[in-house]
file final27.txt (compact mmCIF, C-alpha atoms)
# COMPACT_ATOMS: atom_id res chain seq x y z
CA MET I 159 89.64 84.38 60.19
CA GLU I 160 89.66 86.91 57.29
CA GLN I 161 86.95 85.08 55.29
CA ALA I 162 84.04 87.38 54.37
CA PRO I 163 80.49 86.37 55.24
CA ARG I 164 78.53 84.83 52.37
CA ASP I 165 75.22 86.67 52.77
CA PRO I 166 75.67 90.45 53.10
CA GLU I 167 72.04 90.98 54.05
CA ARG I 168 71.94 88.49 56.89
CA GLN I 169 75.46 88.82 58.30
CA LEU I 170 77.38 91.78 59.62
CA GLN I 171 80.11 93.07 57.33
CA PRO I 172 83.29 94.95 58.18
CA ALA I 173 83.28 98.78 58.61
CA PRO I 174 83.97 101.72 61.33
CA LEU I 175 81.43 102.32 63.98
CA GLU I 176 80.75 105.95 64.74
CA PRO I 177 81.54 106.66 68.40
CA LEU I 178 78.38 106.33 70.47
CA GLY I 179 76.88 109.59 71.66
CA HIS I 180 78.87 111.16 74.42
CA PRO I 181 77.70 113.69 76.99
CA ASP I 182 78.64 117.16 75.89
CA ALA I 183 76.62 119.70 77.86
CA GLY I 184 78.40 120.92 80.96
CA LEU I 185 81.62 119.02 80.34
CA GLN I 186 83.51 121.95 78.87
CA ALA I 187 82.84 124.04 81.96
CA ALA I 188 83.74 121.13 84.23
CA VAL I 189 87.10 120.62 82.57
CA GLY I 190 88.00 124.23 83.30
CA GLU I 191 90.84 126.36 82.05
CA GLU I 192 93.21 123.41 82.16
CA ALA I 193 91.70 121.85 79.06
CA GLU I 194 91.15 125.00 76.99
CA GLY I 195 94.02 124.23 74.64
CA ALA I 196 93.30 120.51 74.56
CA ARG I 197 89.65 120.42 73.55
CA ASP I 198 87.76 120.61 70.29
CA GLU I 199 86.74 124.11 69.30
CA GLY I 200 83.18 122.83 68.73
CA SER I 201 81.08 120.48 70.79
CA GLY I 202 82.60 117.21 69.51
CA GLU I 203 81.56 113.71 70.46
CA GLY I 204 83.78 113.23 73.48
CA THR I 205 86.98 113.69 71.47
CA MET I 206 89.84 116.15 71.25
CA THR I 207 91.46 117.47 68.12
CA GLU I 208 94.56 115.78 66.79
CA ASN I 209 96.52 119.05 66.52
CA ASN I 210 95.84 120.06 70.13
CA PHE I 211 95.99 116.54 71.45
CA TRP I 212 97.00 117.04 75.08
CA LEU I 213 98.46 113.61 75.75
CA LYS I 214 101.25 114.37 73.32
CA LYS I 215 102.37 117.00 75.84
CA ILE I 216 101.71 115.29 79.14
CA GLU I 217 103.24 112.54 81.26
CA ILE I 218 101.05 110.27 83.40
CA SER I 219 102.15 108.29 86.44
CA VAL I 220 100.63 106.58 89.46
CA SER I 221 103.38 107.56 91.82
CA GLU I 222 102.15 106.54 95.26
CA ALA I 223 99.72 104.28 97.13
CA GLU I 224 98.24 105.15 100.51
CA LYS I 225 96.20 103.08 102.96
CA ARG I 226 93.11 104.91 104.19
CA THR I 227 90.00 104.34 106.27
CA GLY I 228 86.56 105.75 105.68
CA ARG I 229 82.88 104.95 105.43
CA ASN I 230 81.29 103.23 102.46
CA ALA I 231 77.82 103.67 100.94
CA MET I 232 76.35 101.55 103.75
CA ASN I 233 77.94 103.91 106.32
CA MET I 234 80.24 101.12 107.49
CA GLN I 235 83.90 101.58 108.34
CA GLU I 236 86.25 100.24 105.67
CA THR I 237 89.94 100.21 104.85
CA TYR I 238 91.00 100.87 101.27
CA THR I 239 93.98 101.95 99.20
CA ALA I 240 94.10 105.28 97.35
CA TYR I 241 96.49 105.90 94.46
CA LEU I 242 98.12 109.21 93.59
CA ILE I 243 97.86 110.06 89.88
CA GLU I 244 100.30 112.71 88.71
CA THR I 245 100.11 114.46 85.36
CA ARG I 246 103.06 116.57 84.37
CA SER I 247 103.36 118.73 81.27
CA VAL I 248 106.37 118.15 79.10
CA GLU I 249 108.57 121.22 78.87
CA HIS I 250 107.91 123.50 75.88
CA THR I 251 110.62 124.29 73.36
CA ASP I 252 110.82 127.87 74.66
CA GLY I 253 111.84 126.52 78.07
CA GLN I 254 108.55 127.26 79.82
CA SER I 255 106.94 124.44 81.76
CA VAL I 256 103.19 124.26 82.25
CA LEU I 257 100.78 122.40 84.50
CA THR I 258 101.69 119.82 87.06
CA ASP I 259 98.67 118.25 88.69
CA SER I 260 97.90 115.38 91.06
CA LEU I 261 94.83 113.72 92.55
CA TRP I 262 93.90 110.56 94.45
CA ARG I 263 91.76 107.73 93.06
CA ARG I 264 90.47 104.49 94.50
CA TYR I 265 90.58 101.19 92.62
CA SER I 266 86.78 101.32 92.33
CA GLU I 267 87.09 104.58 90.38
CA PHE I 268 89.45 102.90 87.93
CA GLU I 269 86.78 100.19 87.57
CA LEU I 270 84.13 102.83 86.90
CA LEU I 271 86.28 104.40 84.19
CA ARG I 272 86.86 101.08 82.48
CA ASN I 273 83.17 100.11 82.64
CA TYR I 274 82.33 103.43 80.99
CA LEU I 275 84.89 102.80 78.23
CA LEU I 276 83.50 99.30 77.63
CA VAL I 277 79.99 100.70 77.08
CA TYR I 278 80.89 103.70 74.91
CA TYR I 279 83.56 101.90 72.85
CA PRO I 280 82.18 98.35 72.39
CA HIS I 281 84.28 97.81 69.26
CA ILE I 282 87.57 98.40 71.12
CA VAL I 283 89.67 95.89 73.05
CA VAL I 284 89.68 97.99 76.23
CA PRO I 285 92.86 97.53 78.32
CA PRO I 286 92.28 95.49 81.50
CA LEU I 287 92.88 96.55 85.08
CA PRO I 288 95.37 94.69 87.29
CA GLU I 289 93.90 92.03 89.56
CA LYS I 290 91.95 93.20 92.60
CA ARG I 291 93.16 90.22 94.63
CA ALA I 292 96.34 88.22 94.09
CA GLU I 293 96.02 85.12 91.92
CA PHE I 294 98.52 82.38 91.00
CA VAL I 295 100.64 83.10 94.07
CA TRP I 296 103.36 80.83 95.39
CA HIS I 297 103.33 79.97 99.10
CA LYS I 298 105.63 82.77 100.35
CA LEU I 299 103.64 85.46 98.54
CA SER I 300 100.77 87.05 100.46
CA ALA I 301 97.29 86.89 98.91
CA ASP I 302 96.16 89.80 101.10
CA ASN I 303 95.09 92.73 98.90
CA MET I 304 96.45 95.16 101.53
CA ASP I 305 99.91 93.55 101.51
CA PRO I 306 102.49 96.28 100.67
CA ASP I 307 104.18 94.22 97.93
CA PHE I 308 100.84 93.44 96.29
CA VAL I 309 99.73 97.09 96.54
CA GLU I 310 102.99 98.17 94.90
CA ARG I 311 102.52 95.74 92.00
CA ARG I 312 98.93 96.91 91.60
CA ARG I 313 100.13 100.53 91.57
CA ILE I 314 102.38 99.65 88.65
CA GLY I 315 99.49 97.84 86.95
CA LEU I 316 97.16 100.83 87.34
CA GLU I 317 99.78 103.13 85.87
CA ASN I 318 100.16 100.71 82.98
CA PHE I 319 96.37 100.76 82.46
CA LEU I 320 96.34 104.58 82.23
CA LEU I 321 99.28 104.54 79.81
CA ARG I 322 97.54 101.92 77.67
CA VAL I 323 94.41 104.08 77.45
CA ALA I 324 96.48 107.23 76.86
CA SER I 325 98.35 105.58 73.96
CA HIS I 326 95.20 104.22 72.29
CA PRO I 327 94.34 106.28 69.18
CA ILE I 328 90.64 106.54 70.13
CA LEU I 329 90.35 106.08 73.89
CA CYS I 330 93.00 108.72 74.58
CA ARG I 331 90.71 111.46 73.28
CA ASP I 332 87.77 110.69 75.52
CA LYS I 333 86.69 113.59 77.75
CA ILE I 334 85.72 111.37 80.67
CA PHE I 335 89.23 109.89 80.63
CA TYR I 336 90.68 113.41 80.62
CA LEU I 337 88.49 114.37 83.57
CA PHE I 338 89.59 111.22 85.40
CA LEU I 339 93.13 112.58 85.30
CA THR I 340 92.31 116.20 86.08
CA GLN I 341 89.02 116.54 88.02
CA GLU I 342 89.06 115.09 91.53
CA GLY I 343 85.73 116.39 92.81
CA ASN I 344 82.41 115.25 91.33
CA TRP I 345 84.05 113.00 88.75
CA LYS I 346 81.78 110.07 89.63
CA GLU I 347 78.72 112.27 89.22
CA THR I 348 79.97 113.39 85.81
CA VAL I 349 80.40 109.78 84.68
CA ASN I 350 77.00 108.73 85.99
CA GLU I 351 75.37 111.66 84.20
CA THR I 352 76.43 110.08 80.90
CA GLY I 353 73.87 107.33 81.56
CA PHE I 354 76.32 104.66 80.46
CA GLN I 355 74.81 102.12 82.89
CA LEU I 356 71.52 102.28 80.97
CA LYS I 357 73.34 101.54 77.71
CA ALA I 358 75.17 98.52 79.11
CA ASP I 359 73.95 95.20 77.69
CA SER I 360 72.67 92.74 80.26
CA ARG I 361 74.52 89.46 80.70
CA LEU I 362 71.30 87.51 80.19
CA LYS I 363 70.72 89.24 76.85
CA ALA I 364 74.30 88.51 75.77
CA LEU I 365 73.95 84.86 76.77
CA ASN I 366 70.68 84.62 74.87
CA ALA I 367 72.31 86.06 71.73
CA THR I 368 75.20 83.61 71.98
CA PHE I 369 72.91 80.58 71.80
CA ARG I 370 70.25 81.94 69.41
CA VAL I 371 72.21 83.76 66.71
CA LYS I 372 71.80 81.82 63.44
CA ASN I 373 74.53 83.26 61.22
CA PRO I 374 77.59 83.97 63.37
CA ASP I 375 80.60 85.60 61.72
CA LYS I 376 83.29 82.94 61.46
CA ARG I 377 86.04 85.44 62.26
CA PHE I 378 84.49 86.43 65.57
CA THR I 379 83.72 82.81 66.41
CA GLU I 380 87.38 81.96 65.88
CA LEU I 381 88.47 85.02 67.85
CA LYS I 382 86.28 83.98 70.76
CA HIS I 383 87.78 80.49 70.65
CA TYR I 384 91.28 82.00 70.49
CA SER I 385 90.62 84.19 73.55
CA ASP I 386 89.47 81.11 75.49
CA GLU I 387 92.63 79.23 74.46
CA LEU I 388 94.86 82.22 75.25
CA GLN I 389 93.37 82.48 78.74
CA SER I 390 93.80 78.74 79.30
CA VAL I 391 97.43 78.71 78.12
CA ILE I 392 98.48 81.73 80.20
CA SER I 393 96.66 80.34 83.25
CA HIS I 394 98.61 77.07 82.95
CA LEU I 395 101.85 79.00 82.44
CA LEU I 396 101.26 81.05 85.59
CA ARG I 397 100.45 77.93 87.61
CA VAL I 398 103.66 76.25 86.40
CA ARG I 399 105.63 79.38 87.24
CA ALA I 400 104.15 79.44 90.78
CA ARG I 401 105.10 75.77 91.33
CA VAL I 402 108.63 76.39 90.02
CA ALA I 403 108.95 79.43 92.30
CA ASP I 404 107.97 77.30 95.32
CA ARG I 405 110.58 74.67 94.52
CA LEU I 406 113.26 77.19 93.58
CA TYR I 407 112.75 79.05 96.84
CA GLY I 408 113.25 75.83 98.76
CA VAL I 409 116.39 74.87 96.82
CA TYR I 410 118.01 78.27 97.35
CA LYS I 411 117.15 78.43 101.04
CA VAL I 412 118.55 74.93 101.61
CA HIS I 413 121.90 76.30 100.45
CA GLY I 414 121.86 78.32 103.65
CA ASN I 415 122.47 74.98 105.41
CA TYR I 416 125.75 74.72 103.53
CA GLY I 417 126.73 78.07 105.01
CA ARG I 418 125.83 76.98 108.54
CA VAL I 419 127.66 73.65 108.24
CA PHE I 420 130.81 75.20 106.69
CA SER I 421 130.83 77.82 109.46
CA GLU I 422 130.58 75.17 112.18
CA TRP I 423 133.22 73.07 110.46
CA SER I 424 135.63 76.03 110.21
CA ALA I 425 135.55 76.34 114.02
CA ILE I 426 137.30 72.98 114.47
CA GLU I 427 139.86 73.35 111.66
CA LYS I 428 143.03 75.42 111.77
CA GLU I 429 144.46 75.19 108.25
CA MET I 430 141.07 74.80 106.52
CA GLY I 431 139.10 77.18 108.72
CA ASP I 432 139.39 80.38 106.67
CA GLY I 433 138.50 78.63 103.41
CA LEU I 434 135.47 76.94 104.92
CA GLN I 435 134.31 80.18 106.54
CA SER I 436 134.56 82.06 103.21
CA ALA I 437 132.76 79.29 101.32
CA GLY I 438 130.00 79.38 103.93
CA HIS I 439 129.61 83.11 103.40
CA HIS I 440 129.16 82.62 99.64
CA MET I 441 126.48 80.00 100.34
CA ASP I 442 124.63 82.41 102.64
CA VAL I 443 124.69 85.12 99.96
CA TYR I 444 123.39 82.61 97.41
CA ALA I 445 120.55 81.50 99.71
CA SER I 446 119.40 85.07 100.39
CA SER I 447 119.51 86.14 96.72
CA ILE I 448 116.31 84.20 95.87
CA ASP I 449 114.09 86.81 97.54
CA ASP I 450 115.11 89.54 95.08
CA ILE I 451 115.00 87.09 92.18
CA LEU I 452 111.43 86.00 92.84
CA GLU I 453 110.37 89.59 93.47
CA ASP I 454 111.64 90.48 89.98
CA GLU I 455 109.84 87.42 88.61
CA GLU I 456 106.53 88.74 89.90
CA HIS I 457 106.76 91.70 87.52
CA TYR I 458 107.06 89.31 84.56
CA ALA I 459 104.16 87.29 85.94
CA ASP I 460 102.10 90.51 86.10
CA GLN I 461 102.84 91.14 82.42
CA LEU I 462 101.44 87.71 81.60
CA LYS I 463 98.42 88.36 83.83
CA GLU I 464 97.63 91.50 81.84
CA TYR I 465 97.12 89.36 78.74
CA LEU I 466 95.24 86.79 80.78
CA PHE I 467 92.73 89.59 81.47
CA TYR I 468 92.96 90.89 77.90
CA ALA I 469 91.34 87.60 76.86
CA GLU I 470 88.12 88.72 78.55
CA ALA I 471 88.35 92.09 76.75
CA LEU I 472 88.47 90.20 73.43
CA ARG I 473 85.41 88.19 74.43
CA ALA I 474 83.56 91.41 75.28
CA VAL I 475 83.98 92.59 71.67
CA CYS I 476 82.78 89.20 70.41
CA ARG I 477 79.72 89.32 72.68
CA LYS I 478 78.79 92.79 71.41
CA HIS I 479 79.05 91.51 67.83
CA GLU I 480 76.80 88.56 68.68
CA LEU I 481 74.23 90.94 70.20
CA MET I 482 74.23 93.13 67.10
CA GLN I 483 73.97 90.09 64.83
CA TYR I 484 71.10 88.73 66.93
CA ASP I 485 69.25 92.06 66.81
CA LEU I 486 69.76 92.17 63.05
CA GLU I 487 68.37 88.66 62.61
CA MET I 488 65.37 89.42 64.85
CA ALA I 489 64.65 92.58 62.82
CA ALA I 490 64.88 90.60 59.57
CA GLN I 491 62.61 87.89 60.98
CA ASP I 492 60.06 90.44 62.16
CA LEU I 493 60.08 92.16 58.76
CA ALA I 494 59.57 88.86 56.93
CA SER I 495 56.66 88.04 59.23
CA LYS I 496 54.95 91.37 58.55
CA LYS I 497 55.43 90.99 54.80
CA GLN I 498 53.82 87.55 54.96
CA GLN I 499 50.88 88.91 56.97
CA CYS I 500 50.40 91.71 54.44
CA GLU I 501 50.49 89.27 51.52
CA GLU I 502 47.99 86.95 53.21
CA LEU I 503 45.61 89.83 53.85
CA ALA I 504 45.94 91.07 50.27
CA THR I 505 45.32 87.62 48.71
CA GLY I 506 42.97 86.25 51.36
CA THR I 507 45.08 83.12 51.82
CA VAL I 508 46.81 81.80 54.93
CA ARG I 509 49.99 79.84 54.18
CA THR I 510 50.74 78.57 57.65
CA PHE I 511 48.78 77.65 60.73
CA SER I 512 48.12 80.75 62.81
CA LEU I 513 45.85 82.13 65.49
CA LYS I 514 44.51 84.56 62.89
CA GLY I 515 43.45 81.69 60.64
CA MET I 516 41.62 79.98 63.50
CA THR I 517 39.88 83.24 64.47
CA THR I 518 38.69 83.75 60.89
CA LYS I 519 37.18 80.27 60.80
CA LEU I 520 35.39 80.79 64.12
CA PHE I 521 34.14 84.36 63.75
CA GLY I 522 34.05 84.92 60.01
CA GLN I 523 36.00 87.09 57.54
CA GLU I 524 36.95 90.72 58.10
CA THR I 525 35.15 93.39 56.12
CA PRO I 526 37.05 94.87 53.12
CA GLU I 527 37.43 98.16 55.02
CA GLN I 528 38.97 96.40 58.04
CA ARG I 529 41.33 94.46 55.79
CA GLU I 530 42.40 97.61 53.94
CA ALA I 531 43.07 99.38 57.24
CA ARG I 532 45.20 96.50 58.51
CA ILE I 533 47.11 96.33 55.24
CA LYS I 534 47.84 100.05 55.46
CA VAL I 535 49.15 99.69 59.02
CA LEU I 536 51.31 96.72 58.01
CA GLU I 537 52.71 98.58 54.99
CA GLU I 538 53.76 101.43 57.27
CA GLN I 539 55.35 98.95 59.69
CA ILE I 540 57.11 97.21 56.79
CA SER I 541 58.51 100.54 55.57
CA GLU I 542 59.80 101.33 59.06
CA GLY I 543 61.15 97.79 59.43
CA GLU I 544 63.06 98.05 56.15
CA GLN I 545 64.65 101.31 57.29
CA GLN I 546 65.56 99.78 60.66
CA LEU I 547 67.03 96.70 58.98
CA LYS I 548 69.07 98.88 56.63
CA SER I 549 70.27 100.98 59.57
CA LYS I 550 71.22 97.89 61.59
CA ASN I 551 73.10 96.46 58.60
CA LEU I 552 75.08 99.66 58.18
CA GLU I 553 75.77 99.90 61.91
CA GLY I 554 76.85 96.28 61.96
CA ARG I 555 79.22 96.68 59.04
CA GLU I 556 80.72 99.77 60.65
CA PHE I 557 81.14 97.91 63.95
CA VAL I 558 82.92 94.97 62.35
CA LYS I 559 85.31 97.13 60.34
CA ASN I 560 86.22 99.26 63.35
CA ALA I 561 86.42 96.26 65.69
CA TRP I 562 88.63 94.33 63.34
CA ALA I 563 90.96 97.28 62.89
CA ASP I 564 91.38 97.51 66.67
CA ILE I 565 91.83 93.74 66.96
CA GLU I 566 94.67 93.92 64.44
CA ARG I 567 96.22 96.75 66.48
CA PHE I 568 95.86 94.61 69.61
CA LYS I 569 97.52 91.61 67.91
CA GLU I 570 100.60 93.67 67.05
CA GLN I 571 100.76 95.01 70.60
CA LYS I 572 100.31 91.53 72.11
CA ASN I 573 102.96 89.91 69.91
CA HIS I 574 105.45 92.66 70.74
CA ASP I 575 104.75 92.72 74.48
CA LEU I 576 104.72 88.96 75.06
CA LYS I 577 107.86 88.51 72.97
CA GLU I 578 109.66 91.14 75.04
CA ALA I 579 108.37 89.71 78.33
CA LEU I 580 109.40 86.14 77.50
CA ILE I 581 112.84 87.23 76.27
CA SER I 582 113.36 89.31 79.42
CA TYR I 583 112.26 86.38 81.58
CA ALA I 584 114.72 84.08 79.80
CA VAL I 585 117.51 86.64 80.24
CA MET I 586 116.70 86.87 83.94
CA GLN I 587 116.86 83.07 84.28
CA ILE I 588 120.22 83.01 82.48
CA SER I 589 121.51 85.74 84.79
CA MET I 590 120.29 83.79 87.81
CA CYS I 591 122.09 80.65 86.62
CA LYS I 592 125.29 82.63 86.00
CA LYS I 593 125.14 83.95 89.56
CA GLY I 594 124.79 80.39 90.81
CA ILE I 595 127.83 79.35 88.77
CA GLN I 596 129.78 82.31 90.15
CA VAL I 597 128.90 81.36 93.74
CA TRP I 598 130.18 77.82 93.25
CA THR I 599 133.24 79.13 91.40
CA ASN I 600 134.02 81.36 94.38
CA ALA I 601 133.45 78.42 96.74
CA LYS I 602 135.84 76.34 94.63
CA GLU I 603 138.53 79.02 94.94
CA CYS I 604 137.98 79.09 98.71
CA PHE I 605 138.44 75.31 98.85
CA SER I 606 141.58 75.55 96.65
CA LYS I 607 143.22 77.97 99.09
CA MET I 608 142.78 75.67 102.06

call {"tool": "encode", "arguments": {"input": "final27.txt", "output": "structure tokens"}}
result
Amino acid sequence: MEQAPRDPERQLQPAPLEPLGHPDAGLQAAVGEEAEGARDEGSGEGTMTENNFWLKKIEISVSEAEKRTGRNAMNMQETYTAYLIETRSVEHTDGQSVLTDSLWRRYSEFELLRNYLLVYYPHIVVPPLPEKRAEFVWHKLSADNMDPDFVERRRIGLENFLLRVASHPILCRDKIFYLFLTQEGNWKETVNETGFQLKADSRLKALNATFRVKNPDKRFTELKHYSDELQSVISHLLRVRARVADRLYGVYKVHGNYGRVFSEWSAIEKEMGDGLQSAGHHMDVYASSIDDILEDEEHYADQLKEYLFYAEALRAVCRKHELMQYDLEMAAQDLASKKQQCEELATGTVRTFSLKGMTTKLFGQETPEQREARIKVLEEQISEGEQQLKSKNLEGREFVKNAWADIERFKEQKNHDLKEALISYAVMQISMCKKGIQVWTNAKECFSKM
């Protein structure tokens, strides 16, 4: 995956991409006094200075979810969930505490923020949002997106998304992200004024680049394949987990039958009655414990789902690279074509079959003055084309270097997070088994005292 491309002129090379132009006019006034100490002294390209970096002094949480009703863009009544984002300043060393702020956001506004980040930072593996509707659920879990348990898990996921962005070395400095946390009114208008929708690449164009690019970078091809495999593996793992949860729930609940039977049995026994009654109680406790166990399991499943959705974020970086490589190849092809036309006009020969050659045969040769004029135009176009090709090469190399640096950062994060999640899941399973052993040990003691 680290192999360098063979042809530096035809293939994108590694190197950082300058952040795409960010809106600057009007943002400083919109941020208000709150951001005075957290903003660049100059205009800046949507970033904040490292020394005054405000996220080093602020805590972010999505503390509450609230069901609301209102009217959508079509003036139709709808029910939705709003989430309370709280930002709290960390206490200063002199004991003074600063701003504490809160505002409400809908899930669609989180989507808008992420779409903006995808467009303005195409070389970054942008953190994913939690699922909008429940997937990979076992039969006792509601798939309703208004279900309180699901809303609570999504609240946690949205908080995790904000913390991921806030901890990213580049995304955390974006002004639109800062305004998302601090400016409740007119935030959507501010985002739309950036014109990011116009900069977004169409899916058709991306698909076209995928199939028509001639010299794909092997590293990005392998990364794309890896993201597909990662998504497939985690999907299978979540399906297995859902099936196990279904069966486990049934096994635990069946133990409640032990409790009922032991209780009924104790009613007809004198010497054995107390022991049977106590054993039945332990079985009832065991049967009811599965609800909390599977609820805890859902949080580990959500951690896996985050990386299921991260796979698509990886593919988004690969698609952008393919588009840039395709544009580079088209520019090189167009330049080569113009150079050939110029050479043919200068020498008076036509190397390949063309409409121009047929026209010359039918209507005669151009005059020397016409030919000189066309050559001059082509030479100007060739000069512009060479500059464009050079610019695209530099931009491409910068993109690959920056993208690969962020991919390496993502790999470290992924390895750490998945390792911790799997270890925690194993520990939870061990704890669950120990509780089962303890229940049967207590039942054994009850039987021994009969």

call {"tool": "residues_near_point", "arguments": {"input": "final27.txt", "point": "(87.0, 94.5, 71.9)", "cutoff": "8 Å", "atoms": "only C-alpha atoms", "output": "list in words"}}
result
Pro280, His281, Ile282, Val283, Val284, Ala471, Leu472, Arg473, Ala474, Val475, Cys476, Ala561, Asp564 and Ile565 of chain I

call {"tool": "atom_distance", "arguments": {"input": "final27.txt", "atom1": "CA of Tyr583 (chain I)", "atom2": "CA of Gln571 (chain I)"}}
result
18.1 Å

call {"tool": "residues_around", "arguments": {"input": "final27.txt", "residues": "His439 (chain I)", "least_positions_apart": "3", "cutoff": "10 Å", "atoms": "all atoms listed in the file", "output": "list in words"}}
result
Gly414, Tyr416, Gly417, Arg418, Phe420, Ser421, Gly433, Leu434, Gln435, Ser436, Asp442, Val443, Tyr444, Ala445, Val597 and Ala601 of chain I

call {"tool": "residues_around", "arguments": {"input": "final27.txt", "residues": "region 338-340 of chain I", "least_positions_apart": "6", "cutoff": "9 Å", "atoms": "only C-alpha atoms", "output": "JSON, numbers by chain"}}
result
{"I": [189, 192, 218, 243, 244, 245, 259, 260, 261, 263, 267, 268, 271, 346]}

call {"tool": "axis_aligned_box", "arguments": {"input": "final27.txt", "around": "region 534-547 of chain I", "padding_each_side": "3 Å", "output": "lines of an AutoDock Vina configuration file"}}
result
center_x = 57.4
center_y = 99.1
center_z = 57.8
size_x = 25.2
size_y = 10.7
size_z = 11.7
